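Here the structure is laid out as structure tokens; the discussion comes afterwards.
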Amino acid sequence: MDPDSWSTCPFCDLPVPSSQLQWHANDHFHDPELPQQPLQSLPNEHCNYYGGETSRDKGEHEMDEKISCLIGLQTSSEFYKVEPGLMALLRNCLESETENSKTILSGYVDHFQSLDSEDAGWGCGWRNIQMLSSHLLAQRLDAREVLFGGSGFVPDIPSLQRWLEVAWEKGFDAPGAAQLDHVVYGSKKWIGTTECAALLRSFALRARVVDFGPKESQSVAGTSVDNSNVDKSEAYQVLMDFVWNYFSNENTIQFDQQHVLISEKTPLYFQHDGHSRTIIGVQAKHQPDGVQTYSLLVLDPAHSTIALERSLKKKIGWQKLIRKGRNTLKKPQYQLCYVDPGIASEEEMEKLKTIDSVFFEL
């Protein structure tokens, strides 16, 4: 590139020497007085400016340049932050209950609600990724260092869409990428647990997927089978048992005199046909007949964060918003996604590119 050539800044449209463009553009992210253009409306070709020159090959250098561009351009998601923290308020409510129960909660989690002006009707999957990411950034230093280029914040949906496309380009979840035509940025395409796993795995996080459903032999060519004689309540106990054992770390958690404890496990991305939510804990209650029943504690992107905060602070009505009993599980199939501890090695990263799952029969 001619050292004396000039380029136009993609943010303020000022002419800048090409050799100084990267420094000048980066300065827009540090000076709030300078005009900024959001990621959503920034043309792709501007990314070629980062690094001072256009990449000449299609390999590793091009990917590094694309990631460097995205790290600089990604935008923090705006959301209503609950003080002193949503999970702290929920814990207070649970501890004030007098029933004979035991509850296990995730650590810190922010609630990200779908907005009518942005993603209502299609964005629940992205909102659950944001909730799971808020936990990882707050609770795990190793995850904070690798997630979203070490930005330390939860990106908005357009930025997450770009990160998923980068994950696909790296080879994560090739069948899922093909199913969505390798493009999600700027679209209203629905995503689920496999996209969540692919995105997080691209940062060397050990995201896992679990499936719950009928035997494959019970479904032929997509035709549903009449299971009216099956006790659904008993079937979904499999899911409830899994969630309880997950948060209790296979019952290694000791309650002693307490009845609300905090688990080190991540929240669960909770997917079913038509919607997805985030499981932030599980509660077990001992019934008079000696039977122990479970309830999931769930954050729903479709709910208003302000309404959640109000109900938790007043300790009125929060149960209907958050607590979900076994009788609410009526879908034939469910999927979960969670993140195991640690950072994957380069060798492990190759294996993580294939998204497989553990299957439990309902």
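Naming scheme: A, B, ... for chains in displayed order of the structure tokens; residues 1 onward per chain; ligands 1 onward as shown.
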Using 8 Å as the limit and counting only C-alpha atoms, can you tabulate each residue of range 89-193 of chain A that touches range 250-274 of chain A, with its shortest atom-to-atom distance in Å and the two atoms involved, as CSV?
residue,atom,partner,partner_atom,distance
A:Arg91,CA,A:Val260,CA,7.1
A:Leu94,CA,A:Val260,CA,7.0
A:Glu95,CA,A:Val260,CA,6.4
A:Ser101,CA,A:His259,CA,6.4
A:Lys102,CA,A:His259,CA,4.6
A:Thr103,CA,A:Val260,CA,4.7
A:Ile104,CA,A:Leu261,CA,4.9
A:Leu105,CA,A:Ile262,CA,4.8
A:Ser106,CA,A:Ser263,CA,5.3
A:Gly107,CA,A:Ile262,CA,6.0
A:Asn128,CA,A:Tyr269,CA,6.3
A:Ile129,CA,A:Tyr269,CA,7.5
A:Leu132,CA,A:Pro267,CA,6.2
A:His135,CA,A:Thr266,CA,7.0
A:Leu136,CA,A:Thr266,CA,7.4
A:Gly192,CA,A:Gln271,CA,6.6
A:Thr193,CA,A:Gln271,CA,6.6
Please identify the alpha helix (DSSP H) residues within range 173-292 of chain A (assignment by DSSP from backbone atoms) and present them as a ChimeraX atom specification. /A:174-179,193-201,232-235,237-247
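When CA of Tyr294 in chain A is paired with CA of Ala197 in chain A, their separation reads 26.5 Å.
Neighbouring residues of Val183 in chain A at 10 Å or closer, counting only C-alpha atoms and skipping chain neighbours under 4 positions away, are Gln161, Arg162, Leu164, Glu165, Trp168, Ala177, Ala178, Gln179, Ser187 and Lys189 of chain A.
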For N, CA and C atoms, I'd like the residues from the last selection saved as a compact mmCIF listing (two decimals), in the first residue's frame.
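Full text of again-v2.txt as output:
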# COMPACT_ATOMS: atom_id res chain seq x y z
N GLN A 161 -24.45 -12.05 16.54
CA GLN A 161 -24.67 -12.67 15.23
C GLN A 161 -23.37 -12.75 14.45
N ARG A 162 -22.57 -11.69 14.52
CA ARG A 162 -21.27 -11.69 13.85
C ARG A 162 -20.36 -12.76 14.47
N LEU A 164 -21.20 -15.52 15.91
CA LEU A 164 -21.64 -16.85 15.49
C LEU A 164 -21.16 -17.15 14.08
N GLU A 165 -21.23 -16.16 13.20
CA GLU A 165 -20.74 -16.37 11.83
C GLU A 165 -19.24 -16.65 11.82
N TRP A 168 -18.76 -20.23 12.80
CA TRP A 168 -19.03 -21.10 11.66
C TRP A 168 -17.85 -21.12 10.69
N ALA A 177 -24.52 -24.52 10.53
CA ALA A 177 -24.23 -23.36 9.68
C ALA A 177 -24.90 -23.51 8.32
N ALA A 178 -24.83 -24.73 7.76
CA ALA A 178 -25.44 -24.97 6.45
C ALA A 178 -26.96 -24.84 6.52
N GLN A 179 -27.53 -25.29 7.63
CA GLN A 179 -28.99 -25.22 7.78
C GLN A 179 -29.47 -23.78 7.79
N SER A 187 -30.47 -10.66 10.41
CA SER A 187 -31.68 -11.43 10.13
C SER A 187 -32.49 -11.66 11.40
N LYS A 189 -33.57 -14.83 12.05
CA LYS A 189 -33.56 -16.28 12.12
C LYS A 189 -33.52 -16.76 13.57
Would you please work out which residue, of A:Thr194, A:Gln333, A:Ser133, A:Ser151, is nearest to Ser76 in chain A when using only C-alpha atoms? A:Ser151
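Of the listed residues A:Pro158, A:Gly85, A:Pro214, A:Pro301, the one whose atoms come nearest to Gly125 in chain A is A:Pro301, with distances taken using only C-alpha atoms.
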Quick one: distance from CA of His275 in chain A to CA of Pro332 in chain A in Å, one decimal? 13.3 Å
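Every protein, DNA or RNA residue with an atom at most 9 Å from Ser202 in chain A, where only C-alpha atoms count and chain neighbours fewer than 6 positions away do not, is listed here: Trp163, Leu164, Val166, Ala167, Trp168, Lys170, Gly171, Phe172, Met349, Leu352 and Lys353 of chain A.
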Could you please take those selected residues and save N, CA and C atoms as a PDB file, in the first residue's frame?
ATOM      1  N   TRP A 163     -20.367 -12.858  15.810  1.00  0.00           N
ATOM      2  CA  TRP A 163     -19.518 -13.849  16.473  1.00  0.00           C
ATOM      3  C   TRP A 163     -19.913 -15.262  16.073  1.00  0.00           C
ATOM      4  N   LEU A 164     -21.202 -15.520  15.914  1.00  0.00           N
ATOM      5  CA  LEU A 164     -21.636 -16.850  15.489  1.00  0.00           C
ATOM      6  C   LEU A 164     -21.162 -17.149  14.076  1.00  0.00           C
ATOM      7  N   VAL A 166     -18.486 -15.981  12.701  1.00  0.00           N
ATOM      8  CA  VAL A 166     -17.052 -16.244  12.824  1.00  0.00           C
ATOM      9  C   VAL A 166     -16.831 -17.679  13.301  1.00  0.00           C
ATOM     10  N   ALA A 167     -17.642 -18.129  14.281  1.00  0.00           N
ATOM     11  CA  ALA A 167     -17.534 -19.509  14.769  1.00  0.00           C
ATOM     12  C   ALA A 167     -17.759 -20.496  13.632  1.00  0.00           C
ATOM     13  N   TRP A 168     -18.757 -20.230  12.801  1.00  0.00           N
ATOM     14  CA  TRP A 168     -19.030 -21.103  11.661  1.00  0.00           C
ATOM     15  C   TRP A 168     -17.851 -21.123  10.690  1.00  0.00           C
ATOM     16  N   LYS A 170     -14.833 -20.733  11.371  1.00  0.00           N
ATOM     17  CA  LYS A 170     -13.753 -21.511  11.989  1.00  0.00           C
ATOM     18  C   LYS A 170     -14.020 -23.011  11.923  1.00  0.00           C
ATOM     19  N   GLY A 171     -15.244 -23.398  11.527  1.00  0.00           N
ATOM     20  CA  GLY A 171     -15.554 -24.806  11.393  1.00  0.00           C
ATOM     21  C   GLY A 171     -16.422 -25.393  12.481  1.00  0.00           C
ATOM     22  N   PHE A 172     -16.950 -24.559  13.381  1.00  0.00           N
ATOM     23  CA  PHE A 172     -17.802 -25.057  14.445  1.00  0.00           C
ATOM     24  C   PHE A 172     -19.224 -25.273  13.927  1.00  0.00           C
ATOM     25  N   MET A 349     -10.077 -28.301  20.898  1.00  0.00           N
ATOM     26  CA  MET A 349     -10.878 -27.379  20.087  1.00  0.00           C
ATOM     27  C   MET A 349     -11.332 -28.035  18.798  1.00  0.00           C
ATOM     28  N   LEU A 352     -14.264 -30.109  19.537  1.00  0.00           N
ATOM     29  CA  LEU A 352     -15.434 -29.309  19.906  1.00  0.00           C
ATOM     30  C   LEU A 352     -16.163 -28.734  18.687  1.00  0.00           C
ATOM     31  N   LYS A 353     -15.523 -28.793  17.541  1.00  0.00           N
ATOM     32  CA  LYS A 353     -16.169 -28.260  16.345  1.00  0.00           C
ATOM     33  C   LYS A 353     -17.393 -29.088  15.951  1.00  0.00           C
TER      34      LYS A 353
END
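With distances restricted to only C-alpha atoms, A:Leu90 is the closest residue to Ser311 in chain A from A:Asp142, A:Cys69, A:Glu78, A:Leu90.
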